[in-house]
Structure formats: C-alpha cells, structure tokens
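Below is one structure, written out as structure tokens; comments come after it.
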Amino acid sequence: MDLTMFMQQMVNGFSLGSMYALIAIGYTMVYGVLRLINFAHGDIMMVGGFLGYFGIAVLDLPFGAAVLLAIVGSALLGMASDRIAYRPLRSAPKISLLITAIGVSFFLENAFNVFFGGVPRAFPVPAYLENVVDIVGLTMPVSALLVPIITAILLVIILWVLYKTKYGMAIRALAFDVGTVNLMGIDANRIITMVFGMGSALAAVGGIFWAVNYPSVEPMMGVLVGLKAFAAAVVGGIGSVGGAVLGGLIIGFTEVVVIAFFPELGGYKDAFAFIFLILILLFKPTGILGIDFEKSRF
C-alpha cells in the first residue's frame with residue numbers, strides 16, 4: 001500500500017467515524033442524565049433516514065428541506081418516546097428502563113417493517129453530493145467531505161449549549177443529582193425530554209449521511225450502526241460528548257484501515273469495533289477519557 005492509498009483510507013475512516021460520532025453523542029447525553037443506555041437510539045437514526053427519503057422521493061422536497069424534516073421529526077419522536085415510555089419509569093429500577101428501551105427499539109423496527117416493507121429502498125442522493133473532488137491526489141465524493149465538517153460544527157454547537165447556556169447548566173446539573181435539580185425549581189422532566197430531542201436530532205443527521213453514503217434505507221439499518229455507535233461511546237468514555245466523538249473516530253478508523261491492510265478479513269469488518277471495545281475495557285474500563293460511570297458529567 002502506497003502513501004496515497006493509505007491517506008485515502010484515512011479520509012474514508014474519518015468520514016465513517018464522524019457518522020458513528022453523531023450517533024454516539026446521543027447515547028452519551030442520555031446516559032449522562034439518566035444512566036440509561038437507550039438501545040432505541042440506532043432506530044431513531046433509521047427513522048431519520050426514512051424521513052429524509054420520503055421528504056425527497058415522496059414529497060419532492062429539496063435536500064435541505066428533507067434534512068430539516070428528518071431532524072424535526074426524529075427530535076419529536078425522541079421526545080415522545082421519553083414522554084410515553086421512559087418518564088413513567090423514572091423511579092423504577094434501571095433494568096426496567098433498559099428493557100423498555102429494547103422494547104421501543106423492537107417496536108420501531110417492526111412498525112417500519114410492517115408499514116414500509118423490509119426491502120431496501122434506494123435513497124435519492126442529490127447529484128452535487130455525488131460529485132468527486134480531487135485534493136492532492138485523494139479522490140472522494142462531496143458527501144464524504146461534508147460529514148466530518150458537519151460533525152465538527154454540531155459538536156461545537158452541542159458544547160456551546162452545554163457550557164454557555166442555562167439549559168446546558170441544567171443538563172450538567174442533572175448529571176449530578178436529579179432530585180436536587182427538582183428542589184431548585186427546575187423541571188427535570190422537561191430538561192430530560194430536551195436531551196432526548198437533541199440526541200435524536202443528531203442521530204437523524206447521522207442517518208441522512210449514512211443513507212447518502214450507502215444509498216439505501218431499510219428498517220433494520222440502525223441495528224448494527226447503533227451498536228457500533230454505542231461501542232464508540234463506551235470506548236471514548238460514556239458520559240463525555242468529546243469522548244463519544246473520539247470513540248466514533250477510533251471505531252471508524254479501525255474498521256476502514258484494518259480492512260485496507262488486510263482485505264481478506266473483509267467479511268469480519270463488523271467485528272473489529274467490538275474487538276477494539278473489549279481491548280479498551282480490559283485495560284481502561286472507564287473508556288479512553290477516563291470518566292467514572294457514576295460521576296459522568298459531559
């Protein structure tokens with residue numbers, strides 16, 4: 001493998017890792033406030049992809065408007081799932097919330113399978129996103145370039161909300177003690193619902209980019225991607241937004257670069273994310289950024 005090919009694979013890994021990072025941020029934010037692994041999060045990403053598909057293919061919306069529809073629709077779905085499925089179990093044992101999250105995941109997968117069928121649908125990618133650019137010998141589609149840029153912009157926005165706004169202060173306070181936040185006159189349920197909305201909106205962006213780069217949507221598309229994004233959040237240090245992005249990039253690089261060096265292992269590419277997760281947890285159980293699970297605070 002020459003240097004150009006190696007750099008090409010690094011760019012591909014960076015793009016893939018950015019998509020994992022967008023989804024992993026939602027996992028880590030929900031865990032930060034509820035200590036809940038929301039296993040339905042990958043399916044929210046699938047819903048975002050489908051909403052983008054219907055916005056373009058059925059409603060004939062411009063790509064930007066379809067993305068906005070996917071973001072708003074997914075955010076509302078995330079907030080509704082919290083209101084209907086999770087809020088009534090706030091005081092229940094954590095295992096009850098976890099089982100409920102798995103139930104919500106199965107419900108979304110099967111509902112979309114029943115109403116829209118299990119056959120993958122070709123995602124109508126705008127022509128300008130399929131254009132290929134050449135930068136110092138590296139060729140890549142415009143969509144692959146946009147993913148890390150959009151991820152970086154959204155990361156800055158999320159960090160600004162968390163550390164520069166009153167809502168962010170409330171979210172960080174919830175990460176310490178929900179009961180005390182309620183005593184201070186803050187509606188904890190409203191803040192938690194907002195966190196679900198923010199995380200779901202990011203998952204929708206990840207779903208749109210996934211559908212653009214792997215141009216199809218189907219009801220099970222979020223299962224494996226969601227598990228890899230969860231692995232990314234744990235690798236980086238679940239409870240840390242920066243850790244989620246770092247973990248996403250690491251998982252993306254690992255998946256792409258290892259296959260580039262060992263193409264005969266292509267059939268096992270999905271296993272590398274979880275192998276890396278096991279290795280990290282063996283030597284650093286709290287993840288790379290070292291956040292204690294009981295004291296995670298973004």
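Residue names in the structure tokens use chain letters A, B, ... in the order shown, residue numbers from 1 in each chain, and ligand numbers from 1 in the order shown.
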Open item on the list: I need the residues in region 155-219 of chain A that are alpha helix (DSSP H) according to DSSP; give them as a PyMOL selection string.
Closed with: chain A and resi 155-164+166-176+178-183+188-213
TODO: Taking the DSSP assignment computed from this structure's backbone, write out as a list in words all residues of region 70-215 of chain A that belong to strand (DSSP E or B).
DONE: Arg121, Ala122, Val132, Val133, Asp134, Ile135, Leu138, Thr139, Met140 and Pro141 of chain A
TODO: Give the answer as one residue: which of A:Leu227, A:Val212, A:Ala204, A:Leu162 has the shortest atom-to-atom distance to Val142 (chain A), using only C-alpha atoms?
DONE: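 The closest residue to Val142 (chain A) is A:Val212.
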- [ ] To one decimal in Å, tell me the separation between CA of Val225 (chain A) and CA of Phe276 (chain A).
- [x]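 Computed distance, CA of Val225 (chain A) to CA of Phe276 (chain A), equals 15.4 Å.
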Task: Shell around Leu77 (chain A) at 9 Å using only C-alpha atoms, local window under 5 positions removed, as a VMD selection string - done: chain A and resid 44 47 72 82 196 to 197 200
With only C-alpha atoms counted and 9 Å as the cut-off, give the residues of region 192-276 of chain A in contact with region 125-128 of chain A, each with its shortest interatomic distance in Å and the pair that gives it, as CSV.
```
residue,atom,partner,partner_atom,distance
A:Ala211,CA,A:Val125,CA,8.3
A:Val212,CA,A:Val125,CA,5.8
A:Asn213,CA,A:Val125,CA,8.6
A:Pro215,CA,A:Val125,CA,7.1
```
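Minimum atom-to-atom distance to Arg35 (chain A), evaluated using only C-alpha atoms, belongs to A:Val178 out of A:Ile275, A:Met221, A:Ile280, A:Val178.
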Open item on the list: For a test of reading the model, state the distance in Å between CA of Tyr27 (chain A) and CA of Asp43 (chain A), rounded to one decimal.
Closed with: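 Pair CA of Tyr27 (chain A) / CA of Asp43 (chain A) returns 12.1 Å.
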Task: Nearest to Ser96 (chain A) by atom-to-atom distance, counting only C-alpha atoms, from A:Leu36, A:Leu279, A:Ala173, A:Leu289 - done: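 Ranking A:Leu36, A:Leu279, A:Ala173, A:Leu289 by distance to Ser96 (chain A), first place goes to A:Leu36.
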Task: Among listed residues A:Ala66, A:Leu265, A:Ile25, A:Met45, nearest Leu154 (chain A) (using only C-alpha atoms) - done: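 Looking only at the distances to Leu154 (chain A), the closest residue turns out to be A:Ile25.
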TODO: Give the answer as one residue: which of A:Gly118, A:Gly226, A:Pro93, A:Gly64 has the shortest atom-to-atom distance to His41 (chain A), using only C-alpha atoms?
DONE: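 Smallest distance to His41 (chain A) is found for A:Gly226.
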Task: Selection near Gly73 (chain A), 12 Å with only C-alpha atoms, sequence-local residues under 6 positions removed, as a list in words - done: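 Near neighbours after the sequence-gap exclusion: Ile44, Met45, Met46, Val47, Gly48, Gly49, Phe50, Leu51, Gly52, Phe54, Gly55, Ala65, Ala66, Val67, Met79, Ala80, Gly197, Met198, Ser200, Ala201, Leu202, Ala203, Ala204 and Val205 of chain A.
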Deliver the residues from the most recent selection as a file, using C-alpha atoms, as a PDB file, in the first residue's frame.
```pdb
ATOM      1  CA  ILE A  44     -34.112   6.807  15.695  1.00  0.00           C
ATOM      2  CA  MET A  45     -31.244   7.102  13.203  1.00  0.00           C
ATOM      3  CA  MET A  46     -33.184   4.757  10.890  1.00  0.00           C
ATOM      4  CA  VAL A  47     -36.308   6.903  11.237  1.00  0.00           C
ATOM      5  CA  GLY A  48     -34.248   9.959  10.284  1.00  0.00           C
ATOM      6  CA  GLY A  49     -33.050   8.183   7.140  1.00  0.00           C
ATOM      7  CA  PHE A  50     -36.604   7.213   6.210  1.00  0.00           C
ATOM      8  CA  LEU A  51     -37.925  10.723   6.822  1.00  0.00           C
ATOM      9  CA  GLY A  52     -35.222  12.103   4.550  1.00  0.00           C
ATOM     10  CA  PHE A  54     -39.832  10.355   1.994  1.00  0.00           C
ATOM     11  CA  GLY A  55     -39.097  14.060   2.023  1.00  0.00           C
ATOM     12  CA  ALA A  65     -35.774  20.775   3.477  1.00  0.00           C
ATOM     13  CA  ALA A  66     -35.806  16.957   3.663  1.00  0.00           C
ATOM     14  CA  VAL A  67     -32.915  17.052   6.135  1.00  0.00           C
ATOM     15  CA  MET A  79     -39.108  13.380  22.934  1.00  0.00           C
ATOM     16  CA  ALA A  80     -42.310  11.367  22.504  1.00  0.00           C
ATOM     17  CA  GLY A 197     -34.690  15.663  21.391  1.00  0.00           C
ATOM     18  CA  MET A 198     -31.115  16.903  20.907  1.00  0.00           C
ATOM     19  CA  SER A 200     -32.374  12.237  18.332  1.00  0.00           C
ATOM     20  CA  ALA A 201     -31.763  15.227  16.072  1.00  0.00           C
ATOM     21  CA  LEU A 202     -28.062  14.325  15.876  1.00  0.00           C
ATOM     22  CA  ALA A 203     -28.991  10.696  15.139  1.00  0.00           C
ATOM     23  CA  ALA A 204     -31.190  11.913  12.279  1.00  0.00           C
ATOM     24  CA  VAL A 205     -28.259  13.796  10.761  1.00  0.00           C
TER      25      VAL A 205
END
```
Open item on the list: I want to know what sits within 9 Å of Gly252 (chain A), based on only C-alpha atoms, with residues of the same chain fewer than 5 positions away left out; could you give that as a ChimeraX atom specification?
Closed with: /A:12-21,232,247,257,273
With all heavy atoms kept, could you save the residues just selected as a PDB file, in the first residue's frame?
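Dumped everything to result.pdb:
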```pdb
ATOM      1  N   ASN A  12     -11.407   8.049   4.406  1.00  0.00           N
ATOM      2  CA  ASN A  12     -12.628   7.238   4.483  1.00  0.00           C
ATOM      3  C   ASN A  12     -12.963   6.888   5.937  1.00  0.00           C
ATOM      4  O   ASN A  12     -14.129   6.915   6.344  1.00  0.00           O
ATOM      5  CB  ASN A  12     -12.454   5.955   3.667  1.00  0.00           C
ATOM      6  CG  ASN A  12     -12.328   6.217   2.179  1.00  0.00           C
ATOM      7  OD1 ASN A  12     -12.748   7.265   1.693  1.00  0.00           O
ATOM      8  ND2 ASN A  12     -11.737   5.284   1.452  1.00  0.00           N
ATOM      9  N   GLY A  13     -11.938   6.545   6.703  1.00  0.00           N
ATOM     10  CA  GLY A  13     -12.157   6.227   8.109  1.00  0.00           C
ATOM     11  C   GLY A  13     -12.642   7.425   8.897  1.00  0.00           C
ATOM     12  O   GLY A  13     -13.496   7.299   9.783  1.00  0.00           O
ATOM     13  N   PHE A  14     -12.122   8.596   8.579  1.00  0.00           N
ATOM     14  CA  PHE A  14     -12.535   9.823   9.260  1.00  0.00           C
ATOM     15  C   PHE A  14     -14.002  10.120   8.970  1.00  0.00           C
ATOM     16  O   PHE A  14     -14.765  10.525   9.867  1.00  0.00           O
ATOM     17  CB  PHE A  14     -11.653  10.985   8.794  1.00  0.00           C
ATOM     18  CG  PHE A  14     -11.696  12.176   9.689  1.00  0.00           C
ATOM     19  CD1 PHE A  14     -11.225  12.116  10.983  1.00  0.00           C
ATOM     20  CD2 PHE A  14     -12.220  13.379   9.234  1.00  0.00           C
ATOM     21  CE1 PHE A  14     -11.268  13.217  11.822  1.00  0.00           C
ATOM     22  CE2 PHE A  14     -12.262  14.491  10.059  1.00  0.00           C
ATOM     23  CZ  PHE A  14     -11.779  14.412  11.352  1.00  0.00           C
ATOM     24  N   SER A  15     -14.418   9.899   7.719  1.00  0.00           N
ATOM     25  CA  SER A  15     -15.809  10.137   7.342  1.00  0.00           C
ATOM     26  C   SER A  15     -16.739   9.147   8.041  1.00  0.00           C
ATOM     27  O   SER A  15     -17.763   9.533   8.618  1.00  0.00           O
ATOM     28  CB  SER A  15     -15.961  10.018   5.821  1.00  0.00           C
ATOM     29  OG  SER A  15     -17.303  10.200   5.428  1.00  0.00           O
ATOM     30  N   LEU A  16     -16.372   7.854   8.026  1.00  0.00           N
ATOM     31  CA  LEU A  16     -17.193   6.843   8.688  1.00  0.00           C
ATOM     32  C   LEU A  16     -17.245   7.085  10.192  1.00  0.00           C
ATOM     33  O   LEU A  16     -18.307   7.009  10.818  1.00  0.00           O
ATOM     34  CB  LEU A  16     -16.633   5.456   8.393  1.00  0.00           C
ATOM     35  CG  LEU A  16     -17.332   4.268   9.060  1.00  0.00           C
ATOM     36  CD1 LEU A  16     -18.782   4.173   8.604  1.00  0.00           C
ATOM     37  CD2 LEU A  16     -16.603   2.964   8.761  1.00  0.00           C
ATOM     38  N   GLY A  17     -16.104   7.407  10.777  1.00  0.00           N
ATOM     39  CA  GLY A  17     -16.055   7.666  12.210  1.00  0.00           C
ATOM     40  C   GLY A  17     -16.903   8.864  12.614  1.00  0.00           C
ATOM     41  O   GLY A  17     -17.493   8.871  13.701  1.00  0.00           O
ATOM     42  N   SER A  18     -16.986   9.865  11.753  1.00  0.00           N
ATOM     43  CA  SER A  18     -17.811  11.038  12.044  1.00  0.00           C
ATOM     44  C   SER A  18     -19.286  10.665  12.112  1.00  0.00           C
ATOM     45  O   SER A  18     -20.037  11.202  12.935  1.00  0.00           O
ATOM     46  CB  SER A  18     -17.585  12.118  10.984  1.00  0.00           C
ATOM     47  OG  SER A  18     -16.250  12.581  11.009  1.00  0.00           O
ATOM     48  N   MET A  19     -19.713   9.727  11.248  1.00  0.00           N
ATOM     49  CA  MET A  19     -21.109   9.281  11.300  1.00  0.00           C
ATOM     50  C   MET A  19     -21.385   8.531  12.593  1.00  0.00           C
ATOM     51  O   MET A  19     -22.427   8.721  13.233  1.00  0.00           O
ATOM     52  CB  MET A  19     -21.423   8.418  10.078  1.00  0.00           C
ATOM     53  CG  MET A  19     -21.561   9.214   8.790  1.00  0.00           C
ATOM     54  SD  MET A  19     -22.129   8.231   7.391  1.00  0.00           S
ATOM     55  CE  MET A  19     -20.575   7.505   6.834  1.00  0.00           C
ATOM     56  N   TYR A  20     -20.460   7.669  12.997  1.00  0.00           N
ATOM     57  CA  TYR A  20     -20.618   6.983  14.278  1.00  0.00           C
ATOM     58  C   TYR A  20     -20.651   7.996  15.427  1.00  0.00           C
ATOM     59  O   TYR A  20     -21.414   7.842  16.389  1.00  0.00           O
ATOM     60  CB  TYR A  20     -19.470   6.001  14.504  1.00  0.00           C
ATOM     61  CG  TYR A  20     -19.505   4.773  13.634  1.00  0.00           C
ATOM     62  CD1 TYR A  20     -18.332   4.181  13.186  1.00  0.00           C
ATOM     63  CD2 TYR A  20     -20.722   4.182  13.277  1.00  0.00           C
ATOM     64  CE1 TYR A  20     -18.353   3.040  12.390  1.00  0.00           C
ATOM     65  CE2 TYR A  20     -20.751   3.044  12.481  1.00  0.00           C
ATOM     66  CZ  TYR A  20     -19.567   2.483  12.037  1.00  0.00           C
ATOM     67  OH  TYR A  20     -19.597   1.353  11.257  1.00  0.00           O
ATOM     68  N   ALA A  21     -19.827   9.031  15.328  1.00  0.00           N
ATOM     69  CA  ALA A  21     -19.748  10.035  16.394  1.00  0.00           C
ATOM     70  C   ALA A  21     -21.072  10.764  16.569  1.00  0.00           C
ATOM     71  O   ALA A  21     -21.510  11.026  17.701  1.00  0.00           O
ATOM     72  CB  ALA A  21     -18.626  11.022  16.087  1.00  0.00           C
ATOM     73  N   ALA A 232     -18.635   2.949  20.348  1.00  0.00           N
ATOM     74  CA  ALA A 232     -17.819   4.162  20.244  1.00  0.00           C
ATOM     75  C   ALA A 232     -17.957   5.023  21.488  1.00  0.00           C
ATOM     76  O   ALA A 232     -16.967   5.560  22.005  1.00  0.00           O
ATOM     77  CB  ALA A 232     -18.221   4.957  19.000  1.00  0.00           C
ATOM     78  N   GLY A 247     -14.344   8.313  20.334  1.00  0.00           N
ATOM     79  CA  GLY A 247     -14.620   6.892  20.153  1.00  0.00           C
ATOM     80  C   GLY A 247     -15.154   6.590  18.766  1.00  0.00           C
ATOM     81  O   GLY A 247     -14.779   5.586  18.149  1.00  0.00           O
ATOM     82  N   VAL A 257      -9.315   1.089   8.147  1.00  0.00           N
ATOM     83  CA  VAL A 257      -7.878   0.911   7.928  1.00  0.00           C
ATOM     84  C   VAL A 257      -7.474  -0.559   8.037  1.00  0.00           C
ATOM     85  O   VAL A 257      -6.644  -1.049   7.251  1.00  0.00           O
ATOM     86  CB  VAL A 257      -7.074   1.783   8.905  1.00  0.00           C
ATOM     87  CG1 VAL A 257      -5.580   1.499   8.777  1.00  0.00           C
ATOM     88  CG2 VAL A 257      -7.357   3.258   8.648  1.00  0.00           C
ATOM     89  N   ALA A 273     -14.976  -3.408  15.559  1.00  0.00           N
ATOM     90  CA  ALA A 273     -15.418  -2.395  16.521  1.00  0.00           C
ATOM     91  C   ALA A 273     -15.552  -2.996  17.912  1.00  0.00           C
ATOM     92  O   ALA A 273     -15.142  -2.396  18.913  1.00  0.00           O
ATOM     93  CB  ALA A 273     -16.747  -1.795  16.074  1.00  0.00           C
TER      94      ALA A 273
END
```
- [ ] Might you pull out every residue within 12 Å of Leu155 (chain A), with only C-alpha atoms counted and same-chain residues fewer than 2 positions away left off, and present them as a ChimeraX atom specification?
- [x] /A:18,21-26,148-153,157-162,198-199,202,240-246
